[in-house]
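S.K.: My structure file entry_1.cif, mmCIF, C-alpha atoms, is below:
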data_entry
#
loop_
_atom_site.group_PDB
_atom_site.id
_atom_site.type_symbol
_atom_site.label_atom_id
_atom_site.label_comp_id
_atom_site.auth_asym_id
_atom_site.auth_seq_id
_atom_site.Cartn_x
_atom_site.Cartn_y
_atom_site.Cartn_z
ATOM 1 C CA MET Z 98 -45.018 -46.544 18.171
ATOM 2 C CA ARG Z 99 -44.207 -46.659 21.880
ATOM 3 C CA PRO Z 100 -40.875 -48.153 22.904
ATOM 4 C CA ILE Z 101 -41.051 -51.810 23.938
ATOM 5 C CA VAL Z 102 -39.937 -52.526 27.503
ATOM 6 C CA ILE Z 103 -39.175 -56.129 28.426
ATOM 7 C CA VAL Z 104 -40.512 -57.206 31.836
ATOM 8 C CA PRO Z 105 -38.980 -60.592 32.817
ATOM 9 C CA ALA Z 106 -41.530 -62.846 34.502
ATOM 10 C CA CYS Z 107 -41.272 -64.774 37.728
ATOM 11 C CA THR Z 108 -42.176 -68.448 37.788
ATOM 12 C CA ARG Z 109 -44.999 -69.275 40.186
ATOM 13 C CA ASP Z 110 -47.332 -72.175 40.834
ATOM 14 C CA PHE Z 111 -51.047 -71.351 40.891
ATOM 15 C CA GLY Z 112 -52.922 -74.452 41.919
ATOM 16 C CA GLU Z 113 -51.306 -77.448 40.262
ATOM 17 C CA HIS Z 114 -49.945 -75.520 37.288
ATOM 18 C CA PRO Z 115 -46.748 -73.462 36.876
ATOM 19 C CA TYR Z 116 -47.001 -69.999 35.340
ATOM 20 C CA HIS Z 117 -44.805 -67.209 34.045
ATOM 21 C CA ALA Z 118 -46.181 -64.184 35.900
ATOM 22 C CA ALA Z 119 -45.695 -60.429 36.351
ATOM 23 C CA GLN Z 120 -47.623 -58.270 38.804
ATOM 24 C CA TYR Z 121 -50.001 -55.615 37.524
ATOM 25 C CA LYS Z 122 -48.216 -52.779 39.337
ATOM 26 C CA TYR Z 123 -44.991 -53.280 37.401
ATOM 27 C CA VAL Z 124 -46.760 -53.454 34.060
ATOM 28 C CA ASP Z 125 -48.763 -50.357 35.011
ATOM 29 C CA ALA Z 126 -45.564 -48.480 35.903
ATOM 30 C CA VAL Z 127 -44.190 -49.037 32.405
ATOM 31 C CA VAL Z 128 -47.399 -47.710 30.874
ATOM 32 C CA LEU Z 129 -48.280 -44.893 33.286
ATOM 33 C CA GLY Z 130 -44.812 -43.833 34.399
ATOM 34 C CA ALA Z 131 -42.624 -44.429 31.342
ATOM 35 C CA ASP Z 132 -45.289 -44.179 28.601
ATOM 36 C CA CYS Z 133 -43.899 -47.333 27.014
ATOM 37 C CA ALA Z 134 -45.330 -50.665 25.869
ATOM 38 C CA PRO Z 135 -44.585 -53.556 28.269
ATOM 39 C CA MET Z 136 -43.837 -57.039 26.980
ATOM 40 C CA ILE Z 137 -43.650 -59.856 29.524
ATOM 41 C CA LEU Z 138 -40.700 -62.174 28.924
ATOM 42 C CA PRO Z 139 -40.988 -65.809 30.041
ATOM 43 C CA SER Z 140 -38.182 -67.009 32.301
ATOM 44 C CA LEU Z 141 -36.691 -69.479 29.845
ATOM 45 C CA GLY Z 142 -33.187 -69.682 31.278
ATOM 46 C CA ALA Z 143 -30.686 -71.213 28.871
ATOM 47 C CA ALA Z 144 -33.393 -71.491 26.190
ATOM 48 C CA LEU Z 145 -33.682 -67.691 25.997
ATOM 49 C CA ASP Z 146 -32.534 -66.203 22.688
ATOM 50 C CA LEU Z 147 -30.801 -63.072 23.974
ATOM 51 C CA GLU Z 148 -30.074 -61.621 20.551
ATOM 52 C CA THR Z 149 -33.707 -61.860 19.472
ATOM 53 C CA VAL Z 150 -34.979 -60.271 22.692
ATOM 54 C CA LEU Z 151 -32.431 -57.464 22.693
ATOM 55 C CA GLY Z 152 -33.014 -56.840 19.005
ATOM 56 C CA LEU Z 153 -36.700 -56.180 19.681
ATOM 57 C CA CYS Z 154 -36.690 -54.173 22.904
ATOM 58 C CA ASP Z 155 -35.970 -50.548 23.764
ATOM 59 C CA GLY Z 156 -35.689 -51.004 27.517
ATOM 60 C CA ILE Z 157 -35.842 -53.499 30.370
ATOM 61 C CA MET Z 158 -37.577 -53.265 33.724
ATOM 62 C CA LEU Z 159 -36.489 -55.762 36.378
ATOM 63 C CA THR Z 160 -39.263 -56.251 38.905
ATOM 64 C CA GLY Z 161 -39.399 -57.045 42.574
ATOM 65 C CA SER Z 162 -40.505 -60.479 43.725
ATOM 66 C CA ALA Z 163 -41.095 -62.577 46.813
ATOM 67 C CA SER Z 164 -38.192 -64.777 45.702
ATOM 68 C CA ASN Z 165 -34.490 -64.137 46.252
ATOM 69 C CA VAL Z 166 -31.481 -64.407 43.961
ATOM 70 C CA HIS Z 167 -29.929 -67.795 44.686
ATOM 71 C CA PRO Z 168 -26.646 -67.298 46.609
ATOM 72 C CA SER Z 169 -24.809 -69.807 44.423
ATOM 73 C CA PHE Z 170 -24.596 -66.988 41.851
ATOM 74 C CA TYR Z 171 -22.355 -65.055 44.251
ATOM 75 C CA SER Z 172 -20.482 -68.108 45.560
ATOM 76 C CA GLU Z 173 -22.301 -68.617 48.858
ATOM 77 C CA GLU Z 174 -24.338 -71.402 50.421
ATOM 78 C CA LEU Z 175 -28.065 -70.903 50.982
ATOM 79 C CA ILE Z 176 -28.556 -69.935 54.639
ATOM 80 C CA ASP Z 177 -32.352 -70.263 54.871
ATOM 81 C CA PRO Z 178 -33.871 -72.879 52.517
ATOM 82 C CA SER Z 179 -37.381 -71.847 53.626
ATOM 83 C CA LEU Z 180 -37.103 -68.572 51.691
ATOM 84 C CA PRO Z 181 -38.509 -68.696 48.145
ATOM 85 C CA GLN Z 182 -36.116 -69.060 45.225
ATOM 86 C CA ASP Z 183 -36.650 -68.766 41.459
ATOM 87 C CA LEU Z 184 -33.730 -70.313 39.587
ATOM 88 C CA ALA Z 185 -35.499 -69.982 36.226
ATOM 89 C CA ARG Z 186 -35.685 -66.227 36.701
ATOM 90 C CA ASP Z 187 -32.058 -66.059 37.874
ATOM 91 C CA GLU Z 188 -30.916 -68.001 34.826
ATOM 92 C CA THR Z 189 -32.883 -65.615 32.600
ATOM 93 C CA THR Z 190 -32.190 -62.208 34.100
ATOM 94 C CA LEU Z 191 -28.511 -62.487 35.012
ATOM 95 C CA PRO Z 192 -27.250 -63.075 31.444
ATOM 96 C CA LEU Z 193 -29.907 -60.666 30.132
ATOM 97 C CA ILE Z 194 -28.576 -57.906 32.388
ATOM 98 C CA ARG Z 195 -24.975 -58.414 31.323
ATOM 99 C CA ALA Z 196 -25.873 -58.407 27.631
ATOM 100 C CA ALA Z 197 -28.213 -55.402 27.960
ATOM 101 C CA VAL Z 198 -25.708 -53.293 29.887
ATOM 102 C CA ALA Z 199 -23.011 -53.987 27.289
ATOM 103 C CA ARG Z 200 -25.423 -53.081 24.487
ATOM 104 C CA GLY Z 201 -26.614 -49.852 26.101
ATOM 105 C CA VAL Z 202 -30.248 -50.903 26.530
ATOM 106 C CA PRO Z 203 -31.923 -48.660 29.163
ATOM 107 C CA ILE Z 204 -32.633 -50.497 32.434
ATOM 108 C CA ILE Z 205 -34.664 -49.665 35.517
ATOM 109 C CA ALA Z 206 -34.519 -52.229 38.326
ATOM 110 C CA ILE Z 207 -36.601 -52.590 41.477
ATOM 111 C CA CYS Z 208 -35.954 -54.561 44.693
ATOM 112 C CA ARG Z 209 -35.137 -58.092 43.483
ATOM 113 C CA GLY Z 210 -34.148 -56.533 40.163
ATOM 114 C CA PHE Z 211 -31.758 -54.214 42.036
ATOM 115 C CA GLN Z 212 -30.195 -57.249 43.696
ATOM 116 C CA GLU Z 213 -30.066 -59.148 40.386
ATOM 117 C CA MET Z 214 -28.120 -56.316 38.745
ATOM 118 C CA ASN Z 215 -25.526 -56.262 41.519
ATOM 119 C CA VAL Z 216 -25.072 -60.043 41.360
ATOM 120 C CA ALA Z 217 -25.070 -60.171 37.550
ATOM 121 C CA LEU Z 218 -22.241 -57.644 37.423
ATOM 122 C CA GLY Z 219 -20.107 -59.361 40.069
ATOM 123 C CA GLY Z 220 -21.410 -58.173 43.460
ATOM 124 C CA SER Z 221 -22.772 -60.071 46.455
ATOM 125 C CA LEU Z 222 -25.717 -59.825 48.850
ATOM 126 C CA HIS Z 223 -26.495 -60.017 52.547
ATOM 127 C CA GLN Z 224 -28.934 -62.925 52.707
ATOM 128 C CA ALA Z 225 -30.546 -61.511 55.865
ATOM 129 C CA VAL Z 226 -29.875 -57.806 56.358
ATOM 130 C CA GLN Z 227 -31.634 -57.803 59.744
ATOM 131 C CA THR Z 228 -28.939 -60.099 61.156
ATOM 132 C CA VAL Z 229 -26.048 -57.825 60.111
ATOM 133 C CA GLU Z 230 -24.650 -55.726 62.946
ATOM 134 C CA GLY Z 231 -25.559 -52.059 62.597
ATOM 135 C CA LYS Z 232 -28.264 -52.620 59.967
ATOM 136 C CA MET Z 233 -31.996 -52.019 60.401
ATOM 137 C CA ASP Z 234 -34.702 -54.576 59.735
ATOM 138 C CA HIS Z 235 -35.791 -53.557 56.239
ATOM 139 C CA ARG Z 236 -38.612 -56.086 55.972
ATOM 140 C CA GLU Z 237 -42.288 -55.201 55.828
ATOM 141 C CA ASN Z 238 -44.788 -56.264 58.489
ATOM 142 C CA PRO Z 239 -46.953 -58.926 56.793
ATOM 143 C CA ALA Z 240 -49.715 -58.384 59.369
ATOM 144 C CA LEU Z 241 -50.393 -54.919 57.932
ATOM 145 C CA GLY Z 242 -52.458 -54.089 54.875
ATOM 146 C CA LEU Z 243 -50.730 -53.368 51.584
ATOM 147 C CA ASP Z 244 -51.077 -49.600 51.838
ATOM 148 C CA GLU Z 245 -49.267 -49.704 55.195
ATOM 149 C CA GLN Z 246 -46.648 -52.206 53.994
ATOM 150 C CA TYR Z 247 -45.858 -49.943 51.041
ATOM 151 C CA GLY Z 248 -46.008 -46.749 53.097
ATOM 152 C CA ASP Z 249 -42.935 -44.635 53.825
ATOM 153 C CA ALA Z 250 -40.593 -46.599 56.111
ATOM 154 C CA HIS Z 251 -37.406 -44.526 56.196
ATOM 155 C CA LYS Z 252 -35.494 -41.904 54.253
ATOM 156 C CA VAL Z 253 -32.633 -42.388 51.816
ATOM 157 C CA GLN Z 254 -29.861 -39.880 51.269
ATOM 158 C CA LEU Z 255 -29.058 -39.210 47.617
ATOM 159 C CA ALA Z 256 -25.412 -39.067 46.622
ATOM 160 C CA PRO Z 257 -24.395 -35.400 46.131
ATOM 161 C CA GLY Z 258 -23.997 -34.650 42.435
ATOM 162 C CA GLY Z 259 -25.211 -38.120 41.483
ATOM 163 C CA MET Z 260 -27.580 -39.009 38.680
ATOM 164 C CA LEU Z 261 -30.501 -39.575 41.033
ATOM 165 C CA GLU Z 262 -29.984 -36.310 42.922
ATOM 166 C CA ARG Z 263 -29.835 -34.386 39.635
ATOM 167 C CA LEU Z 264 -32.960 -36.133 38.416
ATOM 168 C CA LEU Z 265 -35.053 -35.573 41.551
ATOM 169 C CA GLY Z 266 -33.603 -32.225 42.601
ATOM 170 C CA VAL Z 267 -33.501 -33.062 46.336
ATOM 171 C CA ALA Z 268 -30.969 -34.411 48.829
ATOM 172 C CA GLU Z 269 -33.189 -37.107 50.410
ATOM 173 C CA ILE Z 270 -36.538 -38.784 49.885
ATOM 174 C CA PRO Z 271 -38.808 -41.055 51.949
ATOM 175 C CA VAL Z 272 -39.134 -44.619 50.646
ATOM 176 C CA ASN Z 273 -40.939 -47.841 51.457
ATOM 177 C CA SER Z 274 -38.994 -50.910 52.555
ATOM 178 C CA LEU Z 275 -39.985 -54.514 51.815
ATOM 179 C CA HIS Z 276 -36.777 -56.528 51.537
ATOM 180 C CA GLY Z 277 -34.831 -58.997 53.623
ATOM 181 C CA GLN Z 278 -31.747 -59.106 51.417
ATOM 182 C CA GLY Z 279 -29.484 -56.260 50.349
ATOM 183 C CA VAL Z 280 -26.144 -55.278 48.876
ATOM 184 C CA ASN Z 281 -23.098 -56.643 50.667
ATOM 185 C CA GLU Z 282 -20.278 -56.075 48.178
ATOM 186 C CA LEU Z 283 -21.147 -53.645 45.385
ATOM 187 C CA ALA Z 284 -20.078 -54.817 41.945
ATOM 188 C CA SER Z 285 -17.188 -53.053 40.249
ATOM 189 C CA GLY Z 286 -18.402 -50.295 37.945
ATOM 190 C CA LEU Z 287 -21.510 -49.510 39.976
ATOM 191 C CA VAL Z 288 -21.981 -46.047 41.479
ATOM 192 C CA VAL Z 289 -23.933 -45.561 44.719
ATOM 193 C CA GLU Z 290 -26.864 -43.200 44.129
ATOM 194 C CA ALA Z 291 -28.602 -43.474 47.521
ATOM 195 C CA THR Z 292 -28.069 -44.973 50.966
ATOM 196 C CA ALA Z 293 -30.362 -45.732 53.904
ATOM 197 C CA GLU Z 294 -29.858 -44.277 57.369
ATOM 198 C CA ASP Z 295 -27.907 -47.406 58.358
ATOM 199 C CA GLY Z 296 -25.551 -47.095 55.378
ATOM 200 C CA LEU Z 297 -27.156 -49.842 53.273
ATOM 201 C CA VAL Z 298 -26.959 -49.123 49.548
ATOM 202 C CA GLU Z 299 -30.461 -48.283 48.308
ATOM 203 C CA ALA Z 300 -29.801 -47.171 44.719
ATOM 204 C CA PHE Z 301 -27.024 -47.388 42.151
ATOM 205 C CA SER Z 302 -26.268 -46.687 38.518
ATOM 206 C CA VAL Z 303 -23.746 -48.386 36.225
ATOM 207 C CA ARG Z 304 -20.804 -46.097 35.557
ATOM 208 C CA THR Z 305 -19.557 -48.146 32.611
ATOM 209 C CA ALA Z 306 -22.933 -48.560 30.880
ATOM 210 C CA PRO Z 307 -23.387 -46.681 27.605
ATOM 211 C CA GLY Z 308 -27.138 -46.354 28.305
ATOM 212 C CA PHE Z 309 -29.484 -45.289 31.128
ATOM 213 C CA THR Z 310 -29.299 -47.544 34.192
ATOM 214 C CA LEU Z 311 -30.988 -47.030 37.542
ATOM 215 C CA ALA Z 312 -31.529 -49.658 40.223
ATOM 216 C CA VAL Z 313 -33.409 -48.967 43.468
ATOM 217 C CA GLN Z 314 -34.057 -51.175 46.485
ATOM 218 C CA TRP Z 315 -37.470 -49.673 47.256
ATOM 219 C CA HIS Z 316 -40.732 -49.923 45.271
ATOM 220 C CA PRO Z 317 -41.379 -46.788 43.189
ATOM 221 C CA GLU Z 318 -43.997 -48.649 41.141
ATOM 222 C CA TRP Z 319 -46.453 -48.682 44.070
ATOM 223 C CA ARG Z 320 -49.269 -46.198 43.317
ATOM 224 C CA ILE Z 321 -46.825 -44.589 40.928
ATOM 225 C CA THR Z 322 -49.033 -41.725 39.776
ATOM 226 C CA HIS Z 323 -49.327 -40.510 43.396
ATOM 227 C CA ASN Z 324 -45.558 -40.200 43.860
ATOM 228 C CA PRO Z 325 -43.794 -37.375 41.980
ATOM 229 C CA TYR Z 326 -40.349 -38.857 42.631
ATOM 230 C CA SER Z 327 -41.393 -42.187 41.138
ATOM 231 C CA MET Z 328 -42.904 -40.456 38.128
ATOM 232 C CA LYS Z 329 -39.650 -38.563 37.533
ATOM 233 C CA MET Z 330 -37.631 -41.780 37.676
ATOM 234 C CA PHE Z 331 -39.889 -43.653 35.292
ATOM 235 C CA GLY Z 332 -40.223 -40.569 33.103
ATOM 236 C CA ALA Z 333 -36.440 -40.423 32.684
ATOM 237 C CA PHE Z 334 -36.367 -44.143 31.950
ATOM 238 C CA GLY Z 335 -39.122 -43.741 29.340
ATOM 239 C CA GLN Z 336 -37.266 -40.882 27.652
ATOM 240 C CA ALA Z 337 -34.117 -43.016 27.515
ATOM 241 C CA CYS Z 338 -36.152 -45.804 25.911
ATOM 242 C CA ARG Z 339 -37.488 -43.393 23.267
ATOM 243 C CA GLU Z 340 -33.977 -42.200 22.477
ATOM 244 C CA TYR Z 341 -32.713 -45.788 22.257
ATOM 245 C CA GLN Z 342 -35.644 -46.690 19.992
ATOM 246 C CA ALA Z 343 -34.778 -43.836 17.636
ATOM 247 C CA GLN Z 344 -31.155 -44.969 17.509
ATOM 248 C CA ARG Z 345 -32.140 -48.591 16.943
ATOM 249 C CA ARG Z 346 -34.425 -47.690 14.036
ATOM 250 C CA SER Z 347 -31.766 -45.529 12.423
ATOM 251 C CA ARG Z 348 -29.280 -48.392 12.215
ATOM 252 C CA PRO Z 349 -28.848 -49.921 8.744
#
Starting from the file, give its structure as structure tokens.
M.R.:
Amino acid sequence: MRPIVIVPACTRDFGEHPYHAAQYKYVDAVVLGADCAPMILPSLGAALDLETVLGLCDGIMLTGSASNVHPSFYSEELIDPSLPQDLARDETTLPLIRAAVARGVPIIAICRGFQEMNVALGGSLHQAVQTVEGKMDHRENPALGLDEQYGDAHKVQLAPGGMLERLLGVAEIPVNSLHGQGVNELASGLVVEATAEDGLVEAFSVRTAPGFTLAVQWHPEWRITHNPYSMKMFGAFGQACREYQAQRRSRP
């Protein structure tokens, strides 16, 4: 049996009805990149039974999203109310992350998921990176087609001797860039794995986690089978999920 990877859903309105939703590309990345079985988790907030979910899964993938982590979770006021929020997802993923990290469940996190992990573990975010002195505008151009939006935007430097450098075997890689928010204060216990040319943190791992953790600000799930670096990242995540599954099944 393939390891089960939980994919927390966003909440979105389609027409007059609300939905729990996850984009195809994230689900595909779990299947094609990690060789695992994805299971979409509704964003239930306080109604979520963490013990049941964590007792069933072998890994977690935190997806990107158009919405942002609400700044109240890092003790700030919302600067731009026009930007989309998803409190149901926040109230689901933040406690899920803390419980999963403590338990050693493998985690791979992308874009919003990267930001969620930092906030869940005690860090904070820039609500608008493009307004911070010395930082680039990391947002995509919505007037372009998707292939151009998800095309290479800049390079990231991998931390020498870090987990990501060892995994990929290179010192820098080109990445796409589709985010308006980013790490301000990095949570205690997190280790920087990559930075952008302007110094913004683009990837981190969790030093204190007993299991595999990797969070990246870019979108490795986009056309994953065409990107060898993305395949290596998801391949390592999938292997960690298989090892966790074997350990979980061996417990009395």
S.K.: From the list Z:Val104, Z:Val267, Z:Gly220, Z:Glu148, which residue is nearest Leu287 in chain Z when using all atoms listed in the file?
M.R.: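 Nearest to Leu287 in chain Z: Z:Gly220.
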S.K.: One decimal, Å: what's the distance from CA of Ala306 in chain Z over to CA of Arg200 in chain Z, could you say?
M.R.: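 Answer for the CA of Ala306 in chain Z to CA of Arg200 in chain Z separation: 8.2 Å.
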S.K.: Taking into account only C-alpha atoms, which residue in the set Z:Pro100, Z:Glu213, Z:Gly201, Z:Ala144 is nearest to Val128 in chain Z?
M.R.: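 So, comparing all the options, the nearest one is Z:Pro100.
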S.K.: Closest to Gly219 in chain Z among Z:Leu191, Z:Leu159, Z:Leu241, Z:Ile321, using only C-alpha atoms?
M.R.: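 For Gly219 in chain Z, the nearest of the given residues is Z:Leu191.
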S.K.: With the PyMOL selection byres ((chain Z and resi 202) around 10) as the selection, what would be picked from this file? Answer as a list in words, please.
M.R.: Val102, Leu151, Gly152, Cys154, Asp155, Gly156, Ile157, Ile194, Ala196, Ala197, Val198, Ala199, Arg200, Gly201, Pro203, Ile204, Ala306, Pro307, Gly308, Phe309, Thr310, Ala337, Cys338, Tyr341 and Gln342 of chain Z
S.K.: Which residues match the PyMOL selection byres ((chain Z and resi 314) around 9) in the file above, as a list in words?
M.R.: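 Given this file, the PyMOL selection byres ((chain Z and resi 314) around 9) evaluates to Gly161, Ala206, Ile207, Cys208, Arg209, Gly210, Phe211, Gln212, Ser274, Leu275, His276, Gly279, Val298, Glu299, Ala300, Ala312, Val313, Trp315 and His316 of chain Z.
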S.K.: Which residues are near Ala225 in chain Z? Cut-off 6 Å, all atoms listed in the file, ignore same chain within fewer than 2 positions. Put them as a compact mmCIF listing (two decimals) with C-alpha atoms, keeping the file's coordinate frame.
M.R.:
# COMPACT_ATOMS: atom_id res chain seq x y z
CA HIS Z 223 -26.50 -60.02 52.55
CA GLN Z 227 -31.63 -57.80 59.74
CA THR Z 228 -28.94 -60.10 61.16
CA GLY Z 277 -34.83 -59.00 53.62
CA GLN Z 278 -31.75 -59.11 51.42
S.K.: Can you list, as a short mmCIF file (atom, residue, chain, number, x, y, z; two decimals) with C-alpha atoms, in the frame of the given file, every protein, DNA or RNA residue that comes within 7 Å of range 254-256 of chain Z when you count all atoms listed in the file, leaving out same-chain residues fewer than 5 positions away?
M.R.:
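Okay, around07.cif is ready:
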data_model
loop_
_atom_site.label_atom_id
_atom_site.label_comp_id
_atom_site.auth_asym_id
_atom_site.auth_seq_id
_atom_site.Cartn_x
_atom_site.Cartn_y
_atom_site.Cartn_z
CA LEU Z 261 -30.50 -39.58 41.03
CA GLU Z 262 -29.98 -36.31 42.92
CA ALA Z 268 -30.97 -34.41 48.83
CA GLU Z 269 -33.19 -37.11 50.41
CA ILE Z 270 -36.54 -38.78 49.88
CA VAL Z 289 -23.93 -45.56 44.72
CA GLU Z 290 -26.86 -43.20 44.13
CA ALA Z 291 -28.60 -43.47 47.52
CA THR Z 292 -28.07 -44.97 50.97
CA ALA Z 293 -30.36 -45.73 53.90
#
S.K.: Run the PyMOL selection byres ((chain Z and resi 109-117) around 9) against the file shown and list the residues it catches, as a PyMOL selection string.
M.R.: chain Z and resi 105-108+118-119+137-140+183
S.K.: So which one's closest to Ala143 in chain Z, Z:Ser172, Z:Thr160, Z:Asn215, Z:Thr190? Using only C-alpha atoms, please.
M.R.: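 The shortest atom-to-atom distance to Ala143 in chain Z comes from Z:Thr190.
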S.K.: Quick one, how far is CA of Leu264 in chain Z from CA of Glu318 in chain Z?
M.R.: 16.9 Å
S.K.: Take CA of Ser169 in chain Z and CA of Arg304 in chain Z and report the distance between them in Å, one decimal.
M.R.: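 Interatomic distance here is 25.6 Å.
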S.K.: Pick from Z:Met330, Z:Ala134, Z:Leu283, Z:Met98: nearest to Val216 in chain Z, with only C-alpha atoms counted?
M.R.: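 Among the listed residues, the smallest separation from Val216 in chain Z belongs to Z:Leu283.
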